[in-house]
Structure formats: C-alpha cells, structure tokens
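Here the structure comes first, spelled out in structure tokens, and everything after it is commentary.
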Amino acid sequence: MTDNLFERLLSGERRALGKAITLIESQSPKHRAEANALMDQVMKAPKPSIRIGISGTPGAGKSTFIEAFGMALIEKGHKVAVLAVDPSSPISSGSILGDKTRMQHLSAHPQAFIRPSPAGRHLGGVASRTREAIYLCEAANYDFIIVETVGVGQSEHLVHSMVDAFIYLQLPNSGDQLQGIKKGILELAHLILVNKCDGKHVQAAKRAKTDLDLALNLIYQNRPEERPEVILMSALEKTGLDQVYQQILALIDGLKSNEELHSRRAQQALDWYRDEVQRLLVERVFENEDFKRLYQEAEASVARQEKSARQAAFKFTNALMIGSK
C-alpha cells in the first residue's frame with residue numbers, strides 16, 4: 001500500500017498528499033506501521049524546499065498574507081504548501097479549521113495545497129505531526145512550505161525549530177502598543193512585516209516601523225548582521241510582497257553560502273527525533289495498565305493535596321524505573 005502511495009506522492013498528486021498526512025496523523029497501530037514505512041521511503045528521496053514559519057499578533061492578517069503571498073509565489077513558478085495549525089478548545093478539543101475558507105483562491109489553485117490541522121494540547125500549539133507533513137509536502141514537489149502557527153505561548157519557538165525562515169506579522173501599532181511584543185519573539189524573527197499599511201493605517205504603520213527599527217537596533221547592537229528587516233506591506237492591496245520574497249531568497253542564499261542551512265536542517269531532524277522519543281515514551285507508559293493506574297493514583301493524591309506535584313512525579317517515575325527492570 002505504501003509503495004503505491006509513495007509513487008503517487010512523488011508524482012505530486014494532491015489527494016495522495018492529503019492521504020499521506022492523514023496516515024501519519026492516525027493513532028491506529030496498523031496505520032502507525034504503514035506511516036513508518038512511508039516516512040522511511042520519503043526520507044530516502046529528499047527534495048529541496050524553503051520552509052517558512054508565520055506567526056503574529058491576533059488580527060495581524062496572517063491568513064490574508066499567506067493567501068496573497070502564496071498566489072504571488074505561484075505566479076513566480078513555485079508550488080506552495082500551507083500547513084495551517086488551528087487552535088483547539090481545551091474543553092471540547094474542537095478546532096475552527098477554517099483556513100480553507102479564509103484562503104479561497106489559494107486553496108482552489110492546482111499548484112497549492114492547504115492542510116488545516118487541529119493543534120490539540122500539543123506543546124506550542126503546533127500539530128504533533130507537522131514535521132513529518134513538511135517532508136511529505138517536499139516529496140510531493142512543493143518547494144515553498146509555509147507553517148502558520150496559532151501565535152500563542154511557545155508556538156513560535158517550536159515553529160522556529162522546524163523552518164528556515166521565521167516571519168512575524170505586526171499590526172500598524174506603535175509606542176506603548178508595541179510593548180506587548182516579547183523581546184524573545186523579536187529575536188526569533190528573521191523578518192518582521194508591518195501589515196495593513198493601507199488606507200487610513202499608512203501613517204500608523206510607518207510609525208510602527210520606526211519604533212520597531214529602534215527596538216531592533218538596541219537588541220542587535222552587538223550583532224547587527226543578525227538584525228531582521230522590517231517591511232511595510234499590505235496583504236489586502238498586495239504591496240510589499242515582492243520585497244518579502246527577495247528578502248527570503250537572500251536569507252536562504254546566505255544560509256547556503258556558509259553551510260548554515262545544512263546544519264539547521266540537521267538540527268531540525270534532531271529536534272524531530274527528540275520530540276518523537278518523548279512522545280513515544282509517554283505513549284508506551286500509558287499503554288501499560290499498571291503504570292496507568294500508578295499515574296492515576298499519584299494524580300489523585302495531588303488533587304487531594306496530599307502530595308506536592310513534585311513529590312508525586314518523583315514517586316511515579318521511580319516506580320517506572322523499578323517496573324521496567
């Protein structure tokens with residue numbers, strides 16, 4: 001089965017790509033074995049691509065930008081895959097999964113592929129199988145892979161670890177309104193876009209760029225060569241998109257020239273391995289009924305405030321070590 005799926009994937013068939021991602025996301029033991037076999041085939045046939053991460057403040061227009069930028073990339077001869085991670089409710093575990101609705105033109109284009117995936121409770125708000133999905137998209141000949149995050153908590157750090165360029169979208173706010181942007185986010189970004197530089201927002205966008213430039217000059221005063229560019233743009237009016245494209249190409253060329261792209265991809269593979277080990281360890285523990293019972297007992301003792309979380313966790317992990325011998 002996986003041989004046929006792999007061949008269809010290599011041919012660039014969108015339906016095969018969707019099926020392959022569904023397979024790797026499946027929790028079924030049967031599908032897990034098939035997914036492992038498929039990923040082994042994919043990893044033996046690497047293809048070049050540019051991996052982009054997109055995050056930003058709420059309402060900054062991430063989906064509007066991705067649609068406009070994606071269509072611009074297609075016009076330049078690229079194939080574009082968008083792995084859009086939707087927020088899941090911590091109560092119902094439901095997600096919006098509305099990216100295809102927000103990206104109507106891009107989702108309908110034969111040179112584009114959009115895959116919304118619920119983030120669930122996975123660390124950082126990124127679907128647990130996003131790393132594998134990136135490789136599958138590359139196997140299907142998509143040379144621009146865009147990962148859109150939910151833009152909360154540690155999601156930016158996680159996405160940064162799996163892409164070549166990380167782009168942060170900012171609303172045309174300035175002064176005190178920029179204080180909400182954490183310094184760490186500015187240090188992660190390779191490119192900062194002040195979106196909605198149109199209509200009545202033009203002057204505010206220019207002030208925001210000035211304030212961002214001043215903040216970045218302070219942060220990068222000892223390493224100015226690493227300072228990200230700030231670009232004014234409007235996804236609505238499709239202005240600034242070519243400048244964004246040229247900046248991304250320049251960044252990738254710079255990474256290739258000093259072998260950093262190779263080392264970054266190697267680090268991405270290591271991060272994937274470490275994430276997978278942690279996930280499988282937890283999964284295997286809870287497949288064992290005795291360990292599952294011990295965990296629930298320790299959990300109940302914490303809820304009753306009979307033990308501290310630290311004490312209960314220490315006792316539970318000690319029991320795991322003894323039980324595994």
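In the structure tokens, chains take letters A, B, ... by order of appearance, with residues numbered from 1 within each chain and ligands from 1 in the order shown.
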Need the shell around Ala235 of chain A: protein/DNA/RNA residues with any atom at most 6 Å away, counting only C-alpha atoms. Skip same-chain ones fewer than 2 positions apart. Format as a PyMOL selection string?
chain A and resi 65+68+237-238
Dump of C-alpha atoms for the selected residues, as a PDB file, in the first residue's frame:
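The resulting file, again.pdb, is shown below:
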```pdb
ATOM      1  CA  PHE A  65      -0.994  37.471   3.938  1.00  0.00           C
ATOM      2  CA  ALA A  68      -1.665  36.873  -1.132  1.00  0.00           C
ATOM      3  CA  GLU A 237      -3.510  45.663  -1.608  1.00  0.00           C
ATOM      4  CA  LYS A 238      -0.719  43.161  -2.363  1.00  0.00           C
TER       5      LYS A 238
END
```
Using only C-alpha atoms, determine which residues lie at most 12 Å from Leu216 of chain A, disregarding the query and same-chain residues fewer than 3 positions distant; provide the list as a compact mmCIF listing (two decimals) with all heavy atoms, in the first residue's frame.
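Saved to result.txt:
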```txt
# COMPACT_ATOMS: atom_id res chain seq x y z
N ILE A 181 4.84 43.02 22.47
CA ILE A 181 5.69 42.08 21.73
C ILE A 181 6.87 41.70 22.62
O ILE A 181 7.64 42.55 23.04
CB ILE A 181 6.22 42.69 20.42
CG1 ILE A 181 5.07 43.21 19.58
CG2 ILE A 181 7.00 41.65 19.63
CD1 ILE A 181 5.54 43.89 18.31
N LYS A 182 7.02 40.43 22.89
CA LYS A 182 8.11 40.00 23.74
C LYS A 182 9.45 40.11 23.00
O LYS A 182 9.54 39.87 21.80
CB LYS A 182 7.89 38.55 24.16
CG LYS A 182 6.65 38.35 25.03
CD LYS A 182 6.47 36.88 25.39
CE LYS A 182 5.21 36.69 26.23
NZ LYS A 182 4.98 35.26 26.54
N LYS A 183 10.48 40.46 23.76
CA LYS A 183 11.81 40.58 23.17
C LYS A 183 12.22 39.27 22.51
O LYS A 183 12.85 39.26 21.45
CB LYS A 183 12.81 40.96 24.27
CG LYS A 183 14.24 41.05 23.78
CD LYS A 183 15.19 41.30 24.92
CE LYS A 183 16.64 41.23 24.47
NZ LYS A 183 17.59 41.36 25.59
N GLY A 184 11.84 38.15 23.13
CA GLY A 184 12.19 36.84 22.59
C GLY A 184 11.63 36.60 21.21
O GLY A 184 12.27 35.95 20.37
N ILE A 185 10.43 37.12 20.95
CA ILE A 185 9.82 36.96 19.63
C ILE A 185 10.60 37.75 18.59
O ILE A 185 10.86 37.28 17.48
CB ILE A 185 8.34 37.41 19.64
CG1 ILE A 185 7.54 36.57 20.63
CG2 ILE A 185 7.74 37.31 18.24
CD1 ILE A 185 7.55 35.10 20.37
N LEU A 186 11.01 38.96 18.94
CA LEU A 186 11.80 39.79 18.03
C LEU A 186 13.14 39.13 17.72
O LEU A 186 13.68 39.27 16.62
CB LEU A 186 12.02 41.18 18.60
CG LEU A 186 10.77 42.05 18.79
CD1 LEU A 186 11.16 43.40 19.37
CD2 LEU A 186 10.03 42.24 17.47
N GLU A 187 13.68 38.39 18.69
CA GLU A 187 14.96 37.71 18.48
C GLU A 187 14.80 36.45 17.64
O GLU A 187 15.76 36.00 17.01
CB GLU A 187 15.61 37.39 19.82
CG GLU A 187 16.11 38.62 20.57
CD GLU A 187 16.77 38.29 21.88
OE1 GLU A 187 16.23 37.46 22.62
OE2 GLU A 187 17.84 38.86 22.16
N LEU A 188 13.61 35.88 17.64
CA LEU A 188 13.36 34.69 16.82
C LEU A 188 13.16 35.04 15.35
O LEU A 188 13.55 34.29 14.46
CB LEU A 188 12.10 33.96 17.31
CG LEU A 188 12.20 33.12 18.58
CD1 LEU A 188 10.82 32.54 18.90
CD2 LEU A 188 13.22 32.00 18.43
N ALA A 189 12.56 36.19 15.09
CA ALA A 189 12.14 36.54 13.74
C ALA A 189 13.33 36.82 12.81
O ALA A 189 14.29 37.47 13.20
CB ALA A 189 11.23 37.76 13.78
N HIS A 190 13.22 36.29 11.59
CA HIS A 190 14.19 36.62 10.55
C HIS A 190 13.69 37.79 9.70
O HIS A 190 14.46 38.43 8.99
CB HIS A 190 14.43 35.41 9.64
CG HIS A 190 14.99 34.22 10.36
ND1 HIS A 190 14.24 33.10 10.64
CD2 HIS A 190 16.22 34.00 10.88
CE1 HIS A 190 15.00 32.23 11.28
NE2 HIS A 190 16.20 32.75 11.44
N LEU A 191 12.38 38.03 9.81
CA LEU A 191 11.76 39.10 9.03
C LEU A 191 10.50 39.54 9.77
O LEU A 191 9.72 38.70 10.23
CB LEU A 191 11.39 38.56 7.64
CG LEU A 191 11.02 39.55 6.54
CD1 LEU A 191 12.14 40.55 6.30
CD2 LEU A 191 10.70 38.79 5.26
N ILE A 192 10.31 40.85 9.91
CA ILE A 192 9.12 41.39 10.57
C ILE A 192 8.33 42.21 9.56
O ILE A 192 8.88 43.10 8.90
CB ILE A 192 9.50 42.26 11.78
CG1 ILE A 192 10.24 41.39 12.82
CG2 ILE A 192 8.25 42.89 12.41
CD1 ILE A 192 10.79 42.19 13.99
N LYS A 209 6.94 50.94 12.15
CA LYS A 209 8.23 50.52 11.59
C LYS A 209 9.38 51.27 12.26
O LYS A 209 10.41 50.67 12.61
CB LYS A 209 8.27 50.75 10.08
CG LYS A 209 9.57 50.28 9.42
CD LYS A 209 9.59 50.57 7.95
CE LYS A 209 10.82 50.00 7.27
NZ LYS A 209 12.10 50.36 7.89
N THR A 210 9.21 52.56 12.47
CA THR A 210 10.25 53.37 13.13
C THR A 210 10.52 52.85 14.54
O THR A 210 11.68 52.68 14.95
CB THR A 210 9.83 54.85 13.19
OG1 THR A 210 9.66 55.34 11.86
CG2 THR A 210 10.88 55.69 13.91
N ASP A 211 9.45 52.59 15.28
CA ASP A 211 9.60 52.08 16.66
C ASP A 211 10.25 50.70 16.68
O ASP A 211 11.09 50.41 17.53
CB ASP A 211 8.23 52.03 17.35
CG ASP A 211 7.71 53.42 17.69
OD1 ASP A 211 8.50 54.38 17.61
OD2 ASP A 211 6.51 53.54 18.03
N LEU A 212 9.85 49.84 15.73
CA LEU A 212 10.43 48.50 15.65
C LEU A 212 11.91 48.57 15.28
O LEU A 212 12.73 47.85 15.85
CB LEU A 212 9.68 47.65 14.63
CG LEU A 212 8.33 47.07 15.09
CD1 LEU A 212 7.53 46.57 13.90
CD2 LEU A 212 8.55 45.94 16.10
N ASP A 213 12.25 49.43 14.35
CA ASP A 213 13.65 49.61 13.97
C ASP A 213 14.50 50.04 15.16
O ASP A 213 15.62 49.54 15.37
CB ASP A 213 13.78 50.63 12.83
CG ASP A 213 13.40 50.04 11.48
OD1 ASP A 213 13.57 48.83 11.29
OD2 ASP A 213 12.94 50.81 10.61
N ILE A 219 18.41 45.74 20.49
CA ILE A 219 18.56 44.30 20.73
C ILE A 219 19.78 43.74 20.01
O ILE A 219 20.51 42.91 20.54
CB ILE A 219 17.28 43.56 20.28
CG1 ILE A 219 16.09 43.95 21.17
CG2 ILE A 219 17.50 42.04 20.32
CD1 ILE A 219 14.76 43.44 20.67
N TYR A 220 20.02 44.22 18.79
CA TYR A 220 21.09 43.66 17.96
C TYR A 220 22.30 44.59 17.85
O TYR A 220 23.08 44.49 16.90
CB TYR A 220 20.55 43.36 16.55
CG TYR A 220 19.59 42.20 16.51
CD1 TYR A 220 18.22 42.41 16.63
CD2 TYR A 220 20.04 40.90 16.36
CE1 TYR A 220 17.33 41.35 16.60
CE2 TYR A 220 19.17 39.83 16.32
CZ TYR A 220 17.81 40.07 16.44
OH TYR A 220 16.93 39.00 16.41
N GLN A 221 22.51 45.47 18.83
CA GLN A 221 23.60 46.43 18.73
C GLN A 221 24.97 45.74 18.70
O GLN A 221 25.92 46.28 18.13
CB GLN A 221 23.52 47.43 19.88
CG GLN A 221 23.58 46.83 21.27
CD GLN A 221 23.40 47.89 22.34
OE1 GLN A 221 23.82 49.03 22.16
NE2 GLN A 221 22.78 47.54 23.46
N ASN A 222 25.08 44.55 19.30
CA ASN A 222 26.36 43.84 19.31
C ASN A 222 26.47 42.81 18.19
O ASN A 222 27.51 42.17 18.03
CB ASN A 222 26.58 43.15 20.66
CG ASN A 222 26.70 44.15 21.79
OD1 ASN A 222 27.30 45.22 21.61
ND2 ASN A 222 26.14 43.83 22.95
N ARG A 223 25.42 42.61 17.44
CA ARG A 223 25.42 41.66 16.31
C ARG A 223 24.49 42.17 15.21
O ARG A 223 23.50 41.53 14.87
CB ARG A 223 24.99 40.27 16.78
CG ARG A 223 23.81 40.27 17.74
CD ARG A 223 23.65 38.97 18.49
NE ARG A 223 22.59 39.09 19.48
CZ ARG A 223 21.37 38.61 19.34
NH1 ARG A 223 21.04 37.94 18.25
NH2 ARG A 223 20.47 38.75 20.28
N PRO A 224 24.82 43.32 14.65
CA PRO A 224 23.95 43.96 13.66
C PRO A 224 23.69 43.12 12.42
O PRO A 224 22.67 43.29 11.75
CB PRO A 224 24.70 45.25 13.31
CG PRO A 224 26.12 45.00 13.71
CD PRO A 224 26.05 44.09 14.87
N GLU A 225 24.61 42.19 12.11
CA GLU A 225 24.43 41.36 10.92
C GLU A 225 23.26 40.39 11.06
O GLU A 225 22.74 39.86 10.06
CB GLU A 225 25.72 40.57 10.61
CG GLU A 225 26.06 39.45 11.58
CD GLU A 225 26.63 39.93 12.92
OE1 GLU A 225 26.88 41.15 13.06
OE2 GLU A 225 26.84 39.08 13.80
N GLU A 226 22.81 40.15 12.30
CA GLU A 226 21.69 39.24 12.53
C GLU A 226 20.35 39.96 12.62
O GLU A 226 19.30 39.32 12.72
CB GLU A 226 21.92 38.45 13.83
CG GLU A 226 23.15 37.56 13.82
CD GLU A 226 23.34 36.83 15.14
OE1 GLU A 226 22.37 36.75 15.92
OE2 GLU A 226 24.47 36.37 15.40
N ARG A 227 20.37 41.25 12.57
CA ARG A 227 19.15 42.05 12.75
C ARG A 227 18.15 41.79 11.62
O ARG A 227 18.48 41.92 10.44
CB ARG A 227 19.50 43.52 12.79
CG ARG A 227 18.34 44.47 13.01
CD ARG A 227 18.79 45.89 12.69
NE ARG A 227 17.77 46.89 12.93
CZ ARG A 227 16.73 47.12 12.13
NH1 ARG A 227 16.56 46.37 11.04
NH2 ARG A 227 15.86 48.07 12.40
N PRO A 228 16.90 41.45 11.95
CA PRO A 228 15.89 41.24 10.91
C PRO A 228 15.42 42.55 10.29
O PRO A 228 15.41 43.59 10.95
CB PRO A 228 14.74 40.56 11.67
CG PRO A 228 14.90 41.02 13.08
CD PRO A 228 16.37 41.17 13.30
N GLU A 229 15.05 42.48 9.04
CA GLU A 229 14.49 43.64 8.36
C GLU A 229 13.03 43.84 8.77
O GLU A 229 12.33 42.88 9.10
CB GLU A 229 14.56 43.44 6.84
CG GLU A 229 15.96 43.52 6.26
CD GLU A 229 16.55 44.91 6.37
OE1 GLU A 229 15.81 45.89 6.18
OE2 GLU A 229 17.76 45.01 6.63
N VAL A 230 12.59 45.08 8.74
CA VAL A 230 11.18 45.41 8.97
C VAL A 230 10.61 45.94 7.66
O VAL A 230 11.15 46.90 7.09
CB VAL A 230 11.01 46.46 10.09
CG1 VAL A 230 9.51 46.76 10.30
CG2 VAL A 230 11.64 45.97 11.39
```
List the neighbours of Met71 of chain A out to 9 Å using only C-alpha atoms; skip same-chain residues closer than 6 positions along the sequence, and give me the result as an NGL selection string.
:A and (80 or 105-106 or 109 or 112)
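The gap separating atom CA of Glu260 of chain A from atom CA of Lys47 of chain A is 17.5 Å, in Å to one decimal.
For the residues A:Asn258, A:Gln278, A:Asn141, A:Gln246, ranking by smallest atom-to-atom distance to Lys76 of chain A using only C-alpha atoms places A:Gln246 first.
For the pair atom CA of Met321 of chain A and atom CA of Val282 of chain A, the separation is 13.5 Å.
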DSSP helix (DSSP H, G or I) selection over segment 11-246 of chain A, as a PyMOL selection string
chain A and resi 14-25+29-43+62-75+99-102+104-108+123-125+130-139+155-160+175-180+183-188+199-219+224-226+241-246
Could the residues in this selection be saved with C-alpha atoms as an mmCIF file, in the first residue's frame?
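Full text of result03.cif as output:
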```
data_model
loop_
_atom_site.group_PDB
_atom_site.id
_atom_site.type_symbol
_atom_site.label_atom_id
_atom_site.label_comp_id
_atom_site.auth_asym_id
_atom_site.auth_seq_id
_atom_site.Cartn_x
_atom_site.Cartn_y
_atom_site.Cartn_z
ATOM 1 C CA ARG A 14 -2.667 16.375 -4.022
ATOM 2 C CA ARG A 15 -5.096 13.650 -2.979
ATOM 3 C CA ALA A 16 -2.177 11.314 -2.232
ATOM 4 C CA LEU A 17 -0.523 14.026 -0.132
ATOM 5 C CA GLY A 18 -3.704 14.509 1.892
ATOM 6 C CA LYS A 19 -3.988 10.760 2.392
ATOM 7 C CA ALA A 20 -0.332 10.504 3.445
ATOM 8 C CA ILE A 21 -0.745 13.231 6.084
ATOM 9 C CA THR A 22 -3.912 11.551 7.372
ATOM 10 C CA LEU A 23 -1.933 8.321 7.653
ATOM 11 C CA ILE A 24 0.858 9.838 9.756
ATOM 12 C CA GLU A 25 -1.697 11.619 11.981
ATOM 13 C CA PRO A 29 -1.365 0.758 15.468
ATOM 14 C CA LYS A 30 -1.870 -0.596 11.924
ATOM 15 C CA HIS A 31 -1.567 2.864 10.402
ATOM 16 C CA ARG A 32 1.477 3.602 12.566
ATOM 17 C CA ALA A 33 3.442 0.781 10.921
ATOM 18 C CA GLU A 34 2.395 1.962 7.462
ATOM 19 C CA ALA A 35 3.294 5.556 8.342
ATOM 20 C CA ASN A 36 6.767 4.471 9.500
ATOM 21 C CA ALA A 37 7.325 2.624 6.211
ATOM 22 C CA LEU A 38 6.157 5.633 4.191
ATOM 23 C CA MET A 39 8.388 8.070 6.089
ATOM 24 C CA ASP A 40 11.384 5.762 5.539
ATOM 25 C CA GLN A 41 10.766 5.980 1.789
ATOM 26 C CA VAL A 42 10.291 9.740 1.900
ATOM 27 C CA MET A 43 13.488 10.343 3.861
ATOM 28 C CA LYS A 62 -1.766 36.022 8.805
ATOM 29 C CA SER A 63 -4.216 34.120 6.604
ATOM 30 C CA THR A 64 -4.762 37.097 4.295
ATOM 31 C CA PHE A 65 -0.994 37.471 3.938
ATOM 32 C CA ILE A 66 -0.472 33.759 3.278
ATOM 33 C CA GLU A 67 -3.104 33.750 0.557
ATOM 34 C CA ALA A 68 -1.665 36.873 -1.132
ATOM 35 C CA PHE A 69 1.948 35.707 -0.758
ATOM 36 C CA GLY A 70 1.099 32.156 -1.812
ATOM 37 C CA MET A 71 -0.561 33.371 -5.009
ATOM 38 C CA ALA A 72 2.448 35.624 -5.704
ATOM 39 C CA LEU A 73 4.780 32.627 -5.267
ATOM 40 C CA ILE A 74 2.714 30.561 -7.700
ATOM 41 C CA GLU A 75 2.935 33.367 -10.259
ATOM 42 C CA ASP A 99 -8.159 28.242 6.778
ATOM 43 C CA LYS A 100 -9.517 26.894 3.504
ATOM 44 C CA THR A 101 -12.439 29.276 3.908
ATOM 45 C CA ARG A 102 -10.101 32.218 4.599
ATOM 46 C CA GLN A 104 -10.393 30.580 -1.004
ATOM 47 C CA HIS A 105 -8.285 31.494 -4.048
ATOM 48 C CA LEU A 106 -5.138 29.737 -2.857
ATOM 49 C CA SER A 107 -6.935 26.560 -1.758
ATOM 50 C CA ALA A 108 -8.557 26.237 -5.197
ATOM 51 C CA LEU A 123 3.223 21.856 23.161
ATOM 52 C CA GLY A 124 3.423 25.164 21.381
ATOM 53 C CA GLY A 125 0.146 24.869 19.519
ATOM 54 C CA THR A 130 3.809 18.931 11.363
ATOM 55 C CA ARG A 131 7.450 17.905 10.999
ATOM 56 C CA GLU A 132 6.531 14.779 9.012
ATOM 57 C CA ALA A 133 3.980 16.734 6.980
ATOM 58 C CA ILE A 134 6.756 19.103 5.870
ATOM 59 C CA TYR A 135 8.759 16.179 4.463
ATOM 60 C CA LEU A 136 5.676 14.764 2.748
ATOM 61 C CA CYS A 137 4.974 18.116 1.080
ATOM 62 C CA GLU A 138 8.562 18.268 -0.132
ATOM 63 C CA ALA A 139 8.288 14.744 -1.557
ATOM 64 C CA SER A 155 4.288 28.042 19.445
ATOM 65 C CA GLU A 156 6.754 30.487 17.895
ATOM 66 C CA HIS A 157 9.725 28.702 19.465
ATOM 67 C CA LEU A 158 8.519 25.323 18.230
ATOM 68 C CA VAL A 159 7.889 26.518 14.675
ATOM 69 C CA HIS A 160 11.243 28.324 14.636
ATOM 70 C CA GLY A 175 4.685 53.320 21.023
ATOM 71 C CA ASP A 176 3.205 51.670 24.118
ATOM 72 C CA GLN A 177 1.183 49.271 21.966
ATOM 73 C CA LEU A 178 4.415 47.576 20.877
ATOM 74 C CA GLN A 179 5.284 46.720 24.464
ATOM 75 C CA GLY A 180 3.148 43.593 24.122
ATOM 76 C CA LYS A 183 11.807 40.580 23.168
ATOM 77 C CA GLY A 184 12.192 36.844 22.590
ATOM 78 C CA ILE A 185 9.822 36.958 19.627
ATOM 79 C CA LEU A 186 11.795 39.786 18.026
ATOM 80 C CA GLU A 187 14.963 37.714 18.476
ATOM 81 C CA LEU A 188 13.364 34.688 16.820
ATOM 82 C CA GLY A 199 -5.771 53.471 3.690
ATOM 83 C CA LYS A 200 -6.006 55.284 6.998
ATOM 84 C CA HIS A 201 -3.366 52.993 8.562
ATOM 85 C CA VAL A 202 -0.394 54.137 6.442
ATOM 86 C CA GLN A 203 0.969 56.722 8.892
ATOM 87 C CA ALA A 204 0.467 54.423 11.875
ATOM 88 C CA ALA A 205 2.302 51.645 10.005
ATOM 89 C CA LYS A 206 5.238 53.949 9.294
ATOM 90 C CA ARG A 207 5.426 54.940 12.963
ATOM 91 C CA ALA A 208 5.317 51.268 13.942
ATOM 92 C CA LYS A 209 8.233 50.519 11.594
ATOM 93 C CA THR A 210 10.251 53.366 13.126
ATOM 94 C CA ASP A 211 9.598 52.083 16.656
ATOM 95 C CA LEU A 212 10.431 48.502 15.648
ATOM 96 C CA ASP A 213 13.655 49.605 13.966
ATOM 97 C CA LEU A 214 14.700 51.445 17.140
ATOM 98 C CA ALA A 215 13.905 48.407 19.311
ATOM 99 C CA LEU A 216 15.783 46.048 16.992
ATOM 100 C CA ASN A 217 18.811 48.354 16.868
ATOM 101 C CA LEU A 218 19.055 48.079 20.652
ATOM 102 C CA ILE A 219 18.557 44.305 20.727
ATOM 103 C CA PRO A 224 23.945 43.960 13.665
ATOM 104 C CA GLU A 225 24.435 41.359 10.919
ATOM 105 C CA GLU A 226 21.694 39.236 12.534
ATOM 106 C CA LEU A 241 5.088 41.075 -1.372
ATOM 107 C CA ASP A 242 7.988 41.065 -3.826
ATOM 108 C CA GLN A 243 10.230 42.688 -1.216
ATOM 109 C CA VAL A 244 9.290 39.902 1.217
ATOM 110 C CA TYR A 245 10.110 37.300 -1.461
ATOM 111 C CA GLN A 246 13.505 38.854 -2.221
#
```
Could you give me the residues within segment 161-235 of chain A that DSSP places in strand (DSSP E or B), as a short mmCIF file (atom, residue, chain, number, x, y, z; two decimals) with all heavy atoms, in the first residue's frame?
```cif
data_model
loop_
_atom_site.label_atom_id
_atom_site.label_comp_id
_atom_site.auth_asym_id
_atom_site.auth_seq_id
_atom_site.Cartn_x
_atom_site.Cartn_y
_atom_site.Cartn_z
N ALA A 165 13.13 30.05 7.72
CA ALA A 165 12.91 31.49 7.94
C ALA A 165 11.62 31.67 8.74
O ALA A 165 10.60 31.05 8.43
CB ALA A 165 12.81 32.23 6.61
N PHE A 166 11.69 32.51 9.76
CA PHE A 166 10.54 32.74 10.63
C PHE A 166 10.08 34.18 10.46
O PHE A 166 10.86 35.12 10.66
CB PHE A 166 10.92 32.47 12.09
CG PHE A 166 9.78 32.61 13.06
CD1 PHE A 166 8.81 31.64 13.15
CD2 PHE A 166 9.68 33.72 13.88
CE1 PHE A 166 7.75 31.76 14.04
CE2 PHE A 166 8.64 33.86 14.77
CZ PHE A 166 7.67 32.87 14.85
N ILE A 167 8.83 34.36 10.05
CA ILE A 167 8.28 35.69 9.77
C ILE A 167 7.24 36.05 10.82
O ILE A 167 6.36 35.24 11.14
CB ILE A 167 7.64 35.73 8.37
CG1 ILE A 167 8.70 35.44 7.30
CG2 ILE A 167 6.98 37.07 8.11
CD1 ILE A 167 8.12 35.33 5.90
N TYR A 168 7.35 37.27 11.34
CA TYR A 168 6.39 37.74 12.34
C TYR A 168 5.60 38.91 11.78
O TYR A 168 6.18 39.89 11.31
CB TYR A 168 7.12 38.16 13.62
CG TYR A 168 6.19 38.43 14.78
CD1 TYR A 168 5.67 37.38 15.54
CD2 TYR A 168 5.80 39.73 15.12
CE1 TYR A 168 4.81 37.62 16.60
CE2 TYR A 168 4.95 39.97 16.17
CZ TYR A 168 4.45 38.91 16.91
OH TYR A 168 3.58 39.15 17.95
N LEU A 169 4.27 38.79 11.82
CA LEU A 169 3.40 39.86 11.33
C LEU A 169 2.94 40.73 12.49
O LEU A 169 2.51 40.23 13.53
CB LEU A 169 2.17 39.27 10.62
CG LEU A 169 2.26 39.15 9.10
CD1 LEU A 169 3.27 38.06 8.73
CD2 LEU A 169 0.90 38.83 8.49
N GLN A 170 3.02 42.03 12.26
CA GLN A 170 2.65 43.00 13.28
C GLN A 170 1.60 43.96 12.73
O GLN A 170 1.65 44.37 11.57
CB GLN A 170 3.90 43.77 13.72
CG GLN A 170 3.66 44.98 14.60
CD GLN A 170 3.03 44.61 15.95
OE1 GLN A 170 3.23 43.52 16.44
NE2 GLN A 170 2.28 45.54 16.52
N LEU A 191 12.38 38.03 9.81
CA LEU A 191 11.76 39.10 9.03
C LEU A 191 10.50 39.54 9.77
O LEU A 191 9.72 38.70 10.23
CB LEU A 191 11.39 38.56 7.64
CG LEU A 191 11.02 39.55 6.54
CD1 LEU A 191 12.14 40.55 6.30
CD2 LEU A 191 10.70 38.79 5.26
N ILE A 192 10.31 40.85 9.91
CA ILE A 192 9.12 41.39 10.57
C ILE A 192 8.33 42.21 9.56
O ILE A 192 8.88 43.10 8.90
CB ILE A 192 9.50 42.26 11.78
CG1 ILE A 192 10.24 41.39 12.82
CG2 ILE A 192 8.25 42.89 12.41
CD1 ILE A 192 10.79 42.19 13.99
N LEU A 193 7.06 41.89 9.43
CA LEU A 193 6.20 42.57 8.47
C LEU A 193 5.16 43.39 9.20
O LEU A 193 4.43 42.86 10.05
CB LEU A 193 5.49 41.56 7.56
CG LEU A 193 6.37 40.49 6.89
CD1 LEU A 193 5.50 39.59 6.01
CD2 LEU A 193 7.49 41.12 6.09
N VAL A 194 5.11 44.69 8.90
CA VAL A 194 4.03 45.52 9.42
C VAL A 194 2.94 45.51 8.36
O VAL A 194 3.04 46.16 7.33
CB VAL A 194 4.50 46.97 9.70
CG1 VAL A 194 3.34 47.80 10.24
CG2 VAL A 194 5.66 46.96 10.69
N GLU A 229 15.05 42.48 9.04
CA GLU A 229 14.49 43.64 8.36
C GLU A 229 13.03 43.84 8.77
O GLU A 229 12.33 42.88 9.10
CB GLU A 229 14.56 43.44 6.84
CG GLU A 229 15.96 43.52 6.26
CD GLU A 229 16.55 44.91 6.37
OE1 GLU A 229 15.81 45.89 6.18
OE2 GLU A 229 17.76 45.01 6.63
N VAL A 230 12.59 45.08 8.74
CA VAL A 230 11.18 45.41 8.97
C VAL A 230 10.61 45.94 7.66
O VAL A 230 11.15 46.90 7.09
CB VAL A 230 11.01 46.46 10.09
CG1 VAL A 230 9.51 46.76 10.30
CG2 VAL A 230 11.64 45.97 11.39
N ILE A 231 9.56 45.31 7.16
CA ILE A 231 9.00 45.68 5.86
C ILE A 231 7.56 46.15 6.02
O ILE A 231 6.75 45.49 6.70
CB ILE A 231 9.06 44.48 4.89
CG1 ILE A 231 10.51 44.11 4.59
CG2 ILE A 231 8.31 44.80 3.58
CD1 ILE A 231 10.66 42.89 3.71
N LEU A 232 7.25 47.27 5.42
CA LEU A 232 5.87 47.74 5.36
C LEU A 232 5.17 47.04 4.20
O LEU A 232 5.72 46.94 3.11
CB LEU A 232 5.83 49.25 5.13
CG LEU A 232 6.35 50.15 6.26
CD1 LEU A 232 6.40 51.59 5.79
CD2 LEU A 232 5.47 50.03 7.50
N SER A 234 1.04 45.49 2.59
CA SER A 234 -0.41 45.35 2.69
C SER A 234 -0.82 44.09 1.94
O SER A 234 -0.71 44.04 0.71
CB SER A 234 -1.13 46.57 2.09
OG SER A 234 -2.53 46.30 1.96
#
```
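Closest approach to Pro110 of chain A among A:Asp3, A:Lys307, A:Lys44, A:Glu13: A:Glu13, based on only C-alpha atoms.
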Atom pair atom CA of Asn288 of chain A / atom CA of Arg304 of chain A: separation (Å):
24.5 Å
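Using only C-alpha atoms, the smallest distance between any of A:Leu10, A:Ala60, A:Ile54, A:Met162 and Gln267 of chain A comes from A:Met162.
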